[in-house]
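Note: the block below is input20.pdb and it holds PDB, C-alpha atoms.
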```pdb
ATOM      1  CA  MET A   1      -4.459   1.714  -4.606  1.00  0.00           C
ATOM      2  CA  THR A   2      -1.959  -1.033  -5.255  1.00  0.00           C
ATOM      3  CA  ILE A   3      -4.171  -3.584  -3.541  1.00  0.00           C
ATOM      4  CA  GLN A   4      -7.178  -2.621  -5.591  1.00  0.00           C
ATOM      5  CA  ILE A   5      -5.206  -2.866  -8.802  1.00  0.00           C
ATOM      6  CA  TYR A   6      -3.805  -6.328  -8.263  1.00  0.00           C
ATOM      7  CA  SER A   7      -7.038  -7.689  -6.894  1.00  0.00           C
ATOM      8  CA  SER A   8      -8.603  -7.146 -10.262  1.00  0.00           C
ATOM      9  CA  SER A   9      -6.286  -9.614 -11.862  1.00  0.00           C
ATOM     10  CA  SER A  10      -6.152 -13.304 -12.481  1.00  0.00           C
ATOM     11  CA  SER A  11      -2.593 -12.970 -11.188  1.00  0.00           C
ATOM     12  CA  SER A  12      -4.134 -12.716  -7.718  1.00  0.00           C
ATOM     13  CA  ILE A  13      -3.788 -16.476  -7.470  1.00  0.00           C
ATOM     14  CA  ALA A  14      -0.032 -16.187  -7.966  1.00  0.00           C
ATOM     15  CA  PHE A  15      -0.015 -13.448  -5.343  1.00  0.00           C
ATOM     16  CA  GLU A  16      -1.893 -15.630  -2.886  1.00  0.00           C
ATOM     17  CA  LEU A  17       0.495 -18.540  -3.423  1.00  0.00           C
ATOM     18  CA  TRP A  18       3.425 -16.249  -2.672  1.00  0.00           C
ATOM     19  CA  PHE A  19       1.645 -14.744   0.328  1.00  0.00           C
ATOM     20  CA  LYS A  20       1.381 -18.270   1.656  1.00  0.00           C
ATOM     21  CA  GLN A  21       5.145 -18.685   1.235  1.00  0.00           C
ATOM     22  CA  ILE A  22       5.789 -15.368   3.004  1.00  0.00           C
ATOM     23  CA  LEU A  23       3.553 -16.462   5.896  1.00  0.00           C
ATOM     24  CA  TRP A  24       5.460 -19.735   6.033  1.00  0.00           C
ATOM     25  CA  GLU A  25       8.722 -17.798   6.383  1.00  0.00           C
ATOM     26  CA  ILE A  26       7.368 -15.293   8.915  1.00  0.00           C
ATOM     27  CA  ASP A  27       5.928 -18.094  11.070  1.00  0.00           C
ATOM     28  CA  SER A  28       9.251 -19.919  11.039  1.00  0.00           C
ATOM     29  CA  LEU A  29      11.074 -16.717  11.988  1.00  0.00           C
ATOM     30  CA  ARG A  30       8.650 -16.052  14.817  1.00  0.00           C
ATOM     31  CA  ALA A  31       9.344 -19.583  16.072  1.00  0.00           C
ATOM     32  CA  VAL A  32      13.111 -18.968  15.914  1.00  0.00           C
ATOM     33  CA  PHE A  33      12.890 -15.675  17.795  1.00  0.00           C
ATOM     34  CA  SER A  34      10.603 -17.195  20.435  1.00  0.00           C
ATOM     35  CA  ASN A  35      13.461 -19.462  21.529  1.00  0.00           C
ATOM     36  CA  ALA A  36      15.191 -18.544  24.755  1.00  0.00           C
ATOM     37  CA  HIS A  37      18.541 -19.143  23.136  1.00  0.00           C
ATOM     38  CA  ILE A  38      19.473 -18.276  19.546  1.00  0.00           C
ATOM     39  CA  ASP A  39      22.822 -19.429  18.226  1.00  0.00           C
ATOM     40  CA  GLU A  40      24.808 -18.234  15.209  1.00  0.00           C
ATOM     41  CA  SER A  41      23.352 -20.774  12.800  1.00  0.00           C
ATOM     42  CA  HIS A  42      19.884 -19.451  13.588  1.00  0.00           C
ATOM     43  CA  MET A  43      20.997 -15.997  12.531  1.00  0.00           C
ATOM     44  CA  PHE A  44      22.182 -17.247   9.156  1.00  0.00           C
ATOM     45  CA  VAL A  45      18.884 -19.032   8.576  1.00  0.00           C
ATOM     46  CA  SER A  46      16.889 -15.995   9.698  1.00  0.00           C
ATOM     47  CA  ILE A  47      18.650 -13.598   7.371  1.00  0.00           C
ATOM     48  CA  ASN A  48      18.327 -16.041   4.514  1.00  0.00           C
ATOM     49  CA  ARG A  49      14.584 -16.402   5.036  1.00  0.00           C
ATOM     50  CA  LEU A  50      14.012 -12.702   5.424  1.00  0.00           C
ATOM     51  CA  GLN A  51      15.871 -12.073   2.182  1.00  0.00           C
ATOM     52  CA  ARG A  52      13.674 -14.656   0.536  1.00  0.00           C
ATOM     53  CA  CYS A  53      10.626 -12.638   1.607  1.00  0.00           C
ATOM     54  CA  VAL A  54      12.164  -9.482   0.147  1.00  0.00           C
ATOM     55  CA  GLN A  55      12.814 -11.235  -3.175  1.00  0.00           C
ATOM     56  CA  ILE A  56       9.245 -12.514  -3.304  1.00  0.00           C
ATOM     57  CA  TRP A  57       7.935  -9.033  -2.618  1.00  0.00           C
ATOM     58  CA  ARG A  58      10.040  -7.625  -5.469  1.00  0.00           C
ATOM     59  CA  LEU A  59       8.659 -10.264  -7.809  1.00  0.00           C
ATOM     60  CA  LEU A  60       5.090  -9.381  -6.845  1.00  0.00           C
ATOM     61  CA  CYS A  61       5.719  -5.676  -7.375  1.00  0.00           C
ATOM     62  CA  ASP A  62       7.192  -6.339 -10.825  1.00  0.00           C
ATOM     63  CA  GLN A  63       4.145  -8.376 -11.728  1.00  0.00           C
ATOM     64  CA  ILE A  64       2.010  -5.260 -11.425  1.00  0.00           C
ATOM     65  CA  SER A  65       3.433  -4.113 -14.779  1.00  0.00           C
ATOM     66  CA  ILE A  66       1.811  -7.111 -16.490  1.00  0.00           C
ATOM     67  CA  LEU A  67      -1.483  -6.199 -14.920  1.00  0.00           C
ATOM     68  CA  GLU A  68      -1.110  -2.682 -16.226  1.00  0.00           C
ATOM     69  CA  THR A  69      -1.393  -3.968 -19.781  1.00  0.00           C
ATOM     70  CA  MET A  70      -5.085  -4.257 -18.936  1.00  0.00           C
ATOM     71  CA  THR A  71      -6.586  -0.778 -19.048  1.00  0.00           C
ATOM     72  CA  PRO A  72      -9.178   0.316 -16.489  1.00  0.00           C
ATOM     73  CA  LEU A  73     -11.742   0.252 -19.288  1.00  0.00           C
ATOM     74  CA  ASP A  74     -10.874  -3.366 -20.124  1.00  0.00           C
ATOM     75  CA  PHE A  75     -11.385  -4.180 -16.465  1.00  0.00           C
ATOM     76  CA  MET A  76     -14.739  -2.416 -16.332  1.00  0.00           C
ATOM     77  CA  GLU A  77     -16.042  -4.758 -19.017  1.00  0.00           C
ATOM     78  CA  PHE A  78     -16.194  -7.614 -16.530  1.00  0.00           C
ATOM     79  CA  ARG A  79     -15.869  -5.951 -13.125  1.00  0.00           C
ATOM     80  CA  SER A  80     -19.637  -5.902 -12.603  1.00  0.00           C
ATOM     81  CA  TYR A  81     -19.756  -9.709 -12.751  1.00  0.00           C
ATOM     82  CA  LEU A  82     -17.500  -9.904  -9.710  1.00  0.00           C
ATOM     83  CA  SER A  83     -19.393  -7.615  -7.375  1.00  0.00           C
ATOM     84  CA  PRO A  84     -19.275  -7.753  -4.353  1.00  0.00           C
ATOM     85  CA  ALA A  85     -15.879  -9.537  -4.521  1.00  0.00           C
ATOM     86  CA  SER A  86     -12.860  -7.365  -3.827  1.00  0.00           C
ATOM     87  CA  GLY A  87      -9.147  -7.681  -3.136  1.00  0.00           C
ATOM     88  CA  PHE A  88     -10.027  -6.114   0.181  1.00  0.00           C
ATOM     89  CA  GLN A  89     -11.140  -9.644   1.100  1.00  0.00           C
ATOM     90  CA  SER A  90      -7.640 -11.139   0.861  1.00  0.00           C
ATOM     91  CA  LEU A  91      -7.109 -12.798   4.247  1.00  0.00           C
ATOM     92  CA  GLN A  92      -3.453 -13.675   3.725  1.00  0.00           C
ATOM     93  CA  PHE A  93      -2.545 -10.070   2.936  1.00  0.00           C
ATOM     94  CA  ARG A  94      -3.926  -9.043   6.347  1.00  0.00           C
ATOM     95  CA  LEU A  95      -2.153 -11.941   8.039  1.00  0.00           C
ATOM     96  CA  VAL A  96       1.179 -10.855   6.542  1.00  0.00           C
ATOM     97  CA  GLU A  97       0.606  -7.320   7.819  1.00  0.00           C
ATOM     98  CA  ASN A  98      -0.427  -8.424  11.312  1.00  0.00           C
ATOM     99  CA  LYS A  99       2.280 -11.038  11.774  1.00  0.00           C
ATOM    100  CA  LEU A 100       4.963  -8.577  10.737  1.00  0.00           C
ATOM    101  CA  GLY A 101       3.656  -6.208  13.398  1.00  0.00           C
ATOM    102  CA  LEU A 102       1.296  -3.681  11.829  1.00  0.00           C
ATOM    103  CA  THR A 103      -1.084  -2.466  14.531  1.00  0.00           C
ATOM    104  CA  ASP A 104      -4.667  -1.282  14.248  1.00  0.00           C
ATOM    105  CA  LYS A 105      -3.495   2.140  15.352  1.00  0.00           C
ATOM    106  CA  SER A 106      -1.437   2.648  12.196  1.00  0.00           C
ATOM    107  CA  ARG A 107      -4.182   1.563   9.821  1.00  0.00           C
ATOM    108  CA  VAL A 108      -6.304   3.973   7.846  1.00  0.00           C
ATOM    109  CA  VAL A 109      -9.998   3.166   8.224  1.00  0.00           C
ATOM    110  CA  TYR A 110     -11.660   2.580   4.859  1.00  0.00           C
ATOM    111  CA  ASN A 111     -15.380   3.102   4.350  1.00  0.00           C
ATOM    112  CA  GLN A 112     -15.790   3.855   8.084  1.00  0.00           C
ATOM    113  CA  THR A 113     -15.509   0.199   8.975  1.00  0.00           C
ATOM    114  CA  SER A 114     -12.734  -2.110  10.169  1.00  0.00           C
ATOM    115  CA  TYR A 115     -10.998  -4.332   7.594  1.00  0.00           C
ATOM    116  CA  LYS A 116     -11.932  -7.217   9.906  1.00  0.00           C
ATOM    117  CA  ASN A 117     -15.550  -6.958   8.752  1.00  0.00           C
ATOM    118  CA  ALA A 118     -14.482  -8.211   5.330  1.00  0.00           C
ATOM    119  CA  PHE A 119     -13.981 -11.686   6.857  1.00  0.00           C
ATOM    120  CA  PRO A 120     -17.338 -13.102   8.022  1.00  0.00           C
ATOM    121  CA  ASN A 121     -16.099 -16.715   7.876  1.00  0.00           C
ATOM    122  CA  PRO A 122     -15.487 -17.800  11.539  1.00  0.00           C
ATOM    123  CA  HIS A 123     -12.371 -19.758  10.581  1.00  0.00           C
ATOM    124  CA  HIS A 124     -10.901 -16.686   8.857  1.00  0.00           C
ATOM    125  CA  GLN A 125     -11.952 -14.492  11.795  1.00  0.00           C
ATOM    126  CA  LYS A 126     -10.069 -16.857  14.130  1.00  0.00           C
ATOM    127  CA  GLN A 127      -6.909 -16.733  12.006  1.00  0.00           C
ATOM    128  CA  LEU A 128      -7.128 -12.954  11.987  1.00  0.00           C
ATOM    129  CA  MET A 129      -7.562 -12.734  15.768  1.00  0.00           C
ATOM    130  CA  ASP A 130      -4.699 -15.181  16.347  1.00  0.00           C
ATOM    131  CA  SER A 131      -2.426 -13.072  14.144  1.00  0.00           C
ATOM    132  CA  LEU A 132      -3.204 -10.065  16.349  1.00  0.00           C
ATOM    133  CA  GLU A 133      -2.798 -11.859  19.670  1.00  0.00           C
ATOM    134  CA  GLU A 134       0.353 -13.876  18.971  1.00  0.00           C
ATOM    135  CA  PRO A 135       3.690 -12.057  19.336  1.00  0.00           C
ATOM    136  CA  THR A 136       4.528 -10.364  16.047  1.00  0.00           C
ATOM    137  CA  LEU A 137       7.916 -10.573  14.376  1.00  0.00           C
ATOM    138  CA  LEU A 138       8.502  -6.916  15.194  1.00  0.00           C
ATOM    139  CA  ILE A 139       7.763  -7.422  18.897  1.00  0.00           C
ATOM    140  CA  LEU A 140       9.913 -10.559  19.133  1.00  0.00           C
ATOM    141  CA  ILE A 141      12.873  -8.742  17.588  1.00  0.00           C
ATOM    142  CA  GLU A 142      12.366  -5.680  19.781  1.00  0.00           C
ATOM    143  CA  VAL A 143      12.316  -7.885  22.888  1.00  0.00           C
ATOM    144  CA  ARG A 144      15.494  -9.593  21.717  1.00  0.00           C
ATOM    145  CA  LYS A 145      17.211  -6.266  21.159  1.00  0.00           C
ATOM    146  CA  LYS A 146      16.252  -5.130  24.642  1.00  0.00           C
ATOM    147  CA  LEU A 147      17.518  -8.370  26.203  1.00  0.00           C
ATOM    148  CA  ASN A 148      20.846  -8.025  24.405  1.00  0.00           C
ATOM    149  CA  HIS A 149      21.090  -4.418  25.483  1.00  0.00           C
ATOM    150  CA  ASP A 150      20.372  -5.196  29.145  1.00  0.00           C
ATOM    151  CA  PHE A 151      22.804  -8.098  29.085  1.00  0.00           C
ATOM    152  CA  ASN A 152      25.610  -5.941  27.760  1.00  0.00           C
TER
ATOM    153  CA  MET B   1       5.820   1.502 -14.014  1.00  0.00           C
ATOM    154  CA  THR B   2       7.284  -0.341 -11.078  1.00  0.00           C
ATOM    155  CA  CYS B   3       5.555  -0.639  -7.749  1.00  0.00           C
ATOM    156  CA  PRO B   4       5.651   2.673  -5.897  1.00  0.00           C
ATOM    157  CA  TYR B   5       6.542   0.839  -2.691  1.00  0.00           C
ATOM    158  CA  ALA B   6       9.529  -0.941  -4.255  1.00  0.00           C
ATOM    159  CA  ARG B   7      10.662   2.428  -5.532  1.00  0.00           C
ATOM    160  CA  PHE B   8      10.231   3.738  -2.015  1.00  0.00           C
ATOM    161  CA  THR B   9      12.803   1.310  -0.629  1.00  0.00           C
ATOM    162  CA  GLU B  10      15.404   2.250  -3.219  1.00  0.00           C
ATOM    163  CA  ARG B  11      14.917   5.998  -3.435  1.00  0.00           C
ATOM    164  CA  ASP B  12      12.977   7.602  -0.655  1.00  0.00           C
ATOM    165  CA  ASP B  13      13.265  11.137  -2.006  1.00  0.00           C
ATOM    166  CA  ASP B  14      10.343  10.961  -4.415  1.00  0.00           C
ATOM    167  CA  VAL B  15       7.415   9.530  -2.505  1.00  0.00           C
ATOM    168  CA  SER B  16       5.070  12.197  -3.725  1.00  0.00           C
ATOM    169  CA  SER B  17       6.021  11.815  -7.385  1.00  0.00           C
ATOM    170  CA  ALA B  18       5.622   8.032  -7.055  1.00  0.00           C
ATOM    171  CA  THR B  19       2.087   8.612  -5.851  1.00  0.00           C
ATOM    172  CA  SER B  20       1.347  10.766  -8.869  1.00  0.00           C
ATOM    173  CA  ARG B  21       2.659   8.068 -11.197  1.00  0.00           C
ATOM    174  CA  ILE B  22      -0.050   5.669 -10.038  1.00  0.00           C
ATOM    175  CA  THR B  23      -2.210   7.123 -12.790  1.00  0.00           C
ATOM    176  CA  LEU B  24      -1.214   4.301 -15.143  1.00  0.00           C
ATOM    177  CA  GLY B  25       1.173   6.093 -17.481  1.00  0.00           C
ATOM    178  CA  GLY B  26      -1.134   9.073 -17.914  1.00  0.00           C
ATOM    179  CA  THR B  27      -2.971   7.390 -20.766  1.00  0.00           C
ATOM    180  CA  VAL B  28      -6.325   7.419 -18.990  1.00  0.00           C
ATOM    181  CA  ASP B  29      -8.262  10.584 -18.524  1.00  0.00           C
ATOM    182  CA  ASN B  30      -9.302  10.634 -14.887  1.00  0.00           C
ATOM    183  CA  ASN B  31     -12.489  12.545 -15.511  1.00  0.00           C
ATOM    184  CA  ALA B  32     -13.572  10.021 -18.090  1.00  0.00           C
ATOM    185  CA  LEU B  33     -12.743   7.158 -15.760  1.00  0.00           C
ATOM    186  CA  GLU B  34     -14.651   8.775 -12.927  1.00  0.00           C
ATOM    187  CA  GLU B  35     -17.663   9.164 -15.161  1.00  0.00           C
ATOM    188  CA  ILE B  36     -17.556   5.536 -16.247  1.00  0.00           C
ATOM    189  CA  LEU B  37     -17.208   4.379 -12.657  1.00  0.00           C
ATOM    190  CA  ARG B  38     -20.188   6.469 -11.666  1.00  0.00           C
ATOM    191  CA  LEU B  39     -22.305   5.182 -14.538  1.00  0.00           C
ATOM    192  CA  ARG B  40     -21.442   1.593 -13.706  1.00  0.00           C
ATOM    193  CA  GLY B  41     -22.343   2.063 -10.086  1.00  0.00           C
ATOM    194  CA  TYR B  42     -18.869   2.486  -8.582  1.00  0.00           C
ATOM    195  CA  GLY B  43     -17.029   5.402  -7.089  1.00  0.00           C
ATOM    196  CA  SER B  44     -17.765   7.874  -4.346  1.00  0.00           C
ATOM    197  CA  SER B  45     -20.260   9.943  -6.321  1.00  0.00           C
ATOM    198  CA  SER B  46     -22.216   6.975  -7.538  1.00  0.00           C
ATOM    199  CA  LEU B  47     -25.956   6.889  -7.069  1.00  0.00           C
ATOM    200  CA  ALA B  48     -26.546   3.367  -8.338  1.00  0.00           C
ATOM    201  CA  LYS B  49     -25.270   0.422  -6.314  1.00  0.00           C
ATOM    202  CA  PRO B  50     -23.741  -2.457  -8.288  1.00  0.00           C
ATOM    203  CA  GLU B  51     -25.853  -5.573  -8.405  1.00  0.00           C
ATOM    204  CA  LEU B  52     -24.622  -8.348  -6.103  1.00  0.00           C
ATOM    205  CA  LYS B  53     -23.626 -11.414  -8.097  1.00  0.00           C
ATOM    206  CA  ARG B  54     -23.737 -15.035  -6.962  1.00  0.00           C
ATOM    207  CA  LEU B  55     -21.630 -18.000  -7.981  1.00  0.00           C
ATOM    208  CA  PRO B  56     -23.198 -20.006 -10.821  1.00  0.00           C
ATOM    209  CA  SER B  57     -22.356 -23.274  -9.043  1.00  0.00           C
ATOM    210  CA  SER B  58     -23.998 -22.367  -5.751  1.00  0.00           C
ATOM    211  CA  ASP B  59     -26.089 -19.636  -4.230  1.00  0.00           C
ATOM    212  CA  GLU B  60     -23.107 -17.991  -2.529  1.00  0.00           C
ATOM    213  CA  LEU B  61     -22.357 -14.333  -3.078  1.00  0.00           C
ATOM    214  CA  VAL B  62     -19.158 -13.892  -5.065  1.00  0.00           C
ATOM    215  CA  ASN B  63     -16.177 -12.986  -2.932  1.00  0.00           C
ATOM    216  CA  TYR B  64     -12.415 -12.861  -3.395  1.00  0.00           C
ATOM    217  CA  GLY B  65     -11.888 -16.352  -1.976  1.00  0.00           C
ATOM    218  CA  ASN B  66     -14.588 -18.296  -3.776  1.00  0.00           C
ATOM    219  CA  TYR B  67     -14.023 -16.477  -7.083  1.00  0.00           C
ATOM    220  CA  LEU B  68     -10.336 -17.469  -7.122  1.00  0.00           C
ATOM    221  CA  GLN B  69     -11.077 -20.843  -5.468  1.00  0.00           C
ATOM    222  CA  LEU B  70      -8.475 -20.101  -2.859  1.00  0.00           C
ATOM    223  CA  ASP B  71      -9.580 -22.899  -0.530  1.00  0.00           C
ATOM    224  CA  ARG B  72      -8.452 -25.401  -3.165  1.00  0.00           C
ATOM    225  CA  ILE B  73      -5.242 -23.657  -4.133  1.00  0.00           C
ATOM    226  CA  LEU B  74      -4.070 -22.770  -0.650  1.00  0.00           C
ATOM    227  CA  ASN B  75      -4.759 -26.258   0.683  1.00  0.00           C
ATOM    228  CA  SER B  76      -2.666 -27.902  -2.015  1.00  0.00           C
ATOM    229  CA  GLN B  77       0.712 -27.690  -0.281  1.00  0.00           C
ATOM    230  CA  VAL B  78       1.147 -31.202   1.095  1.00  0.00           C
ATOM    231  CA  LEU B  79       4.769 -31.574   2.123  1.00  0.00           C
ATOM    232  CA  LEU B  80       6.067 -35.081   1.655  1.00  0.00           C
ATOM    233  CA  SER B  81       8.981 -34.529   3.999  1.00  0.00           C
ATOM    234  CA  ALA B  82       6.431 -34.479   6.824  1.00  0.00           C
ATOM    235  CA  LYS B  83       4.184 -37.187   5.369  1.00  0.00           C
ATOM    236  CA  HIS B  84       6.849 -39.850   5.219  1.00  0.00           C
ATOM    237  CA  ASP B  85       8.051 -39.454   8.759  1.00  0.00           C
ATOM    238  CA  GLN B  86       5.220 -38.584  11.113  1.00  0.00           C
ATOM    239  CA  ASN B  87       7.572 -37.793  13.979  1.00  0.00           C
ATOM    240  CA  LYS B  88       9.518 -35.248  12.005  1.00  0.00           C
ATOM    241  CA  SER B  89       8.497 -31.692  11.204  1.00  0.00           C
ATOM    242  CA  PRO B  90       8.550 -30.849   7.484  1.00  0.00           C
ATOM    243  CA  ILE B  91      11.766 -29.701   5.852  1.00  0.00           C
ATOM    244  CA  HIS B  92      11.308 -25.938   5.735  1.00  0.00           C
ATOM    245  CA  ASP B  93      12.446 -25.352   2.151  1.00  0.00           C
ATOM    246  CA  GLU B  94      10.183 -27.982   0.611  1.00  0.00           C
ATOM    247  CA  HIS B  95       7.397 -25.411   0.916  1.00  0.00           C
ATOM    248  CA  LEU B  96       9.289 -22.945  -1.304  1.00  0.00           C
ATOM    249  CA  PHE B  97      10.000 -25.694  -3.823  1.00  0.00           C
ATOM    250  CA  MET B  98       6.324 -26.513  -4.060  1.00  0.00           C
ATOM    251  CA  ILE B  99       5.062 -22.928  -4.239  1.00  0.00           C
ATOM    252  CA  ILE B 100       7.523 -22.068  -7.022  1.00  0.00           C
ATOM    253  CA  HIS B 101       6.313 -24.969  -9.136  1.00  0.00           C
ATOM    254  CA  GLN B 102       2.644 -24.359  -8.440  1.00  0.00           C
ATOM    255  CA  GLY B 103       3.138 -20.690  -9.296  1.00  0.00           C
ATOM    256  CA  LYS B 104       4.536 -21.652 -12.674  1.00  0.00           C
ATOM    257  CA  ILE B 105       1.423 -23.678 -13.423  1.00  0.00           C
ATOM    258  CA  VAL B 106      -0.781 -20.742 -12.477  1.00  0.00           C
ATOM    259  CA  LEU B 107       1.070 -18.336 -14.745  1.00  0.00           C
ATOM    260  CA  VAL B 108       1.356 -20.593 -17.800  1.00  0.00           C
TER
END
```

Can you give me the file's structure in the form of structure tokens?
Amino acid sequence: MTIQIYSSSSSSIAFELWFKQILWEIDSLRAVFSNAHIDESHMFVSINRLQRCVQIWRLLCDQISILETMTPLDFMEFRSYLSPASGFQSLQFRLVENKLGLTDKSRVVYNQTSYKNAFPNPHHQKQLMDSLEEPTLLILIEVRKKLNHDFN
Amino acid sequence: MTCPYARFTERDDDVSSATSRITLGGTVDNNALEEILRLRGYGSSSLAKPELKRLPSSDELVNYGNYLQLDRILNSQVLLSAKHDQNKSPIHDEHLFMIIHQGKIVLV
């Protein structure tokens, strides 16, 4: 629901810019946690960057209230011009989900087809596949926790 | 109304009521909306399919990316900290600096 609402807005561009920033942070964190050795300074940086992501997400959520000043009827006046475009086609949103560690198993299938079918562009398809095959932030942190546990 | 998911992180006791609040302040009659959606060719009970629109500048079907011109916007983060010293990786925070300023331009 939330995705469909924001996708109707010109503020989607602001969302996409911030998604790019979030991906930038997640990628840097995945690089940090891929290191064999992580020292204290890395932890400070990691927490700082994660908090940055949280702040960005809050900002995006608050922005929804601006969008809500447009009524569904206002939206319907021009929605037909945009068909078949849809916020469902936001690649970066899927990349954020996948790189954080959301798995296909926990997704709800929409319209009896995989979300991956919304990305026919081969370059986008590649980015999507890479995000599923590379170690996710969740997995990297879980591995780290296990290593620490075994070590102790 | 704030985002139901943000609410979720602060107070997790009212997930179901947050879901019910998604109805945009209760100002829109759902039956009426459903009817309009159906008439315009949207919604589950719709018989008519919406007409597929193409970009005026090319013959491409409209999609999220080409409508918002994302290829231009998302390829506009050229970090000078990397440009000036080819051997060095970019300074991480320059990306945030750039996105914040570009975001301001978008919103103004």

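The set of residues that the PyMOL selection byres ((chain A and resi 16-26) around 8) takes from this file is Ser12, Ile13, Ala14, Phe15, Asp27, Ser28, Leu29, Arg30, Arg49, Leu50, Cys53, Ile56, Gln92, Phe93, Leu95, Val96, Lys99, Leu100 and Leu137 of chain A; Leu70, Ile73, Leu74, His95, Leu96, Ile99, Gln102 and Gly103 of chain B.
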
Written selection (C-alpha atoms) as a compact mmCIF listing (two decimals), in the coordinates of the input:
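The resulting file, again.txt, is reproduced below:
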```txt
# COMPACT_ATOMS: atom_id res chain seq x y z
CA SER A 12 -4.13 -12.72 -7.72
CA ILE A 13 -3.79 -16.48 -7.47
CA ALA A 14 -0.03 -16.19 -7.97
CA PHE A 15 -0.02 -13.45 -5.34
CA ASP A 27 5.93 -18.09 11.07
CA SER A 28 9.25 -19.92 11.04
CA LEU A 29 11.07 -16.72 11.99
CA ARG A 30 8.65 -16.05 14.82
CA ARG A 49 14.58 -16.40 5.04
CA LEU A 50 14.01 -12.70 5.42
CA CYS A 53 10.63 -12.64 1.61
CA ILE A 56 9.24 -12.51 -3.30
CA GLN A 92 -3.45 -13.68 3.72
CA PHE A 93 -2.54 -10.07 2.94
CA LEU A 95 -2.15 -11.94 8.04
CA VAL A 96 1.18 -10.86 6.54
CA LYS A 99 2.28 -11.04 11.77
CA LEU A 100 4.96 -8.58 10.74
CA LEU A 137 7.92 -10.57 14.38
CA LEU B 70 -8.48 -20.10 -2.86
CA ILE B 73 -5.24 -23.66 -4.13
CA LEU B 74 -4.07 -22.77 -0.65
CA HIS B 95 7.40 -25.41 0.92
CA LEU B 96 9.29 -22.94 -1.30
CA ILE B 99 5.06 -22.93 -4.24
CA GLN B 102 2.64 -24.36 -8.44
CA GLY B 103 3.14 -20.69 -9.30
```

Can you list, as a ChimeraX atom specification, the residues that the ChimeraX specification (/B :<7) & /A selects here? /A:13-14,17,21,58,61-62,64-65,80-87,89-90

The PyMOL selection byres ((chain A and resi 130-132) around 9) on the file shown: which residues, as a ChimeraX atom specification? /A:94-96,98-99,101,103,125-129,133-136

Would you compute the distance between atom CA of Leu80 of chain B and atom CA of Glu94 of chain B? Give it in Å to one decimal. 8.3 Å

Atom pair atom CA of Pro122 of chain A / atom CA of Pro56 of chain B: separation (Å): 23.8 Å

Gap from atom CA of Val32 of chain A to atom CA of Ile141 of chain A - Å, one decimal: 10.4 Å
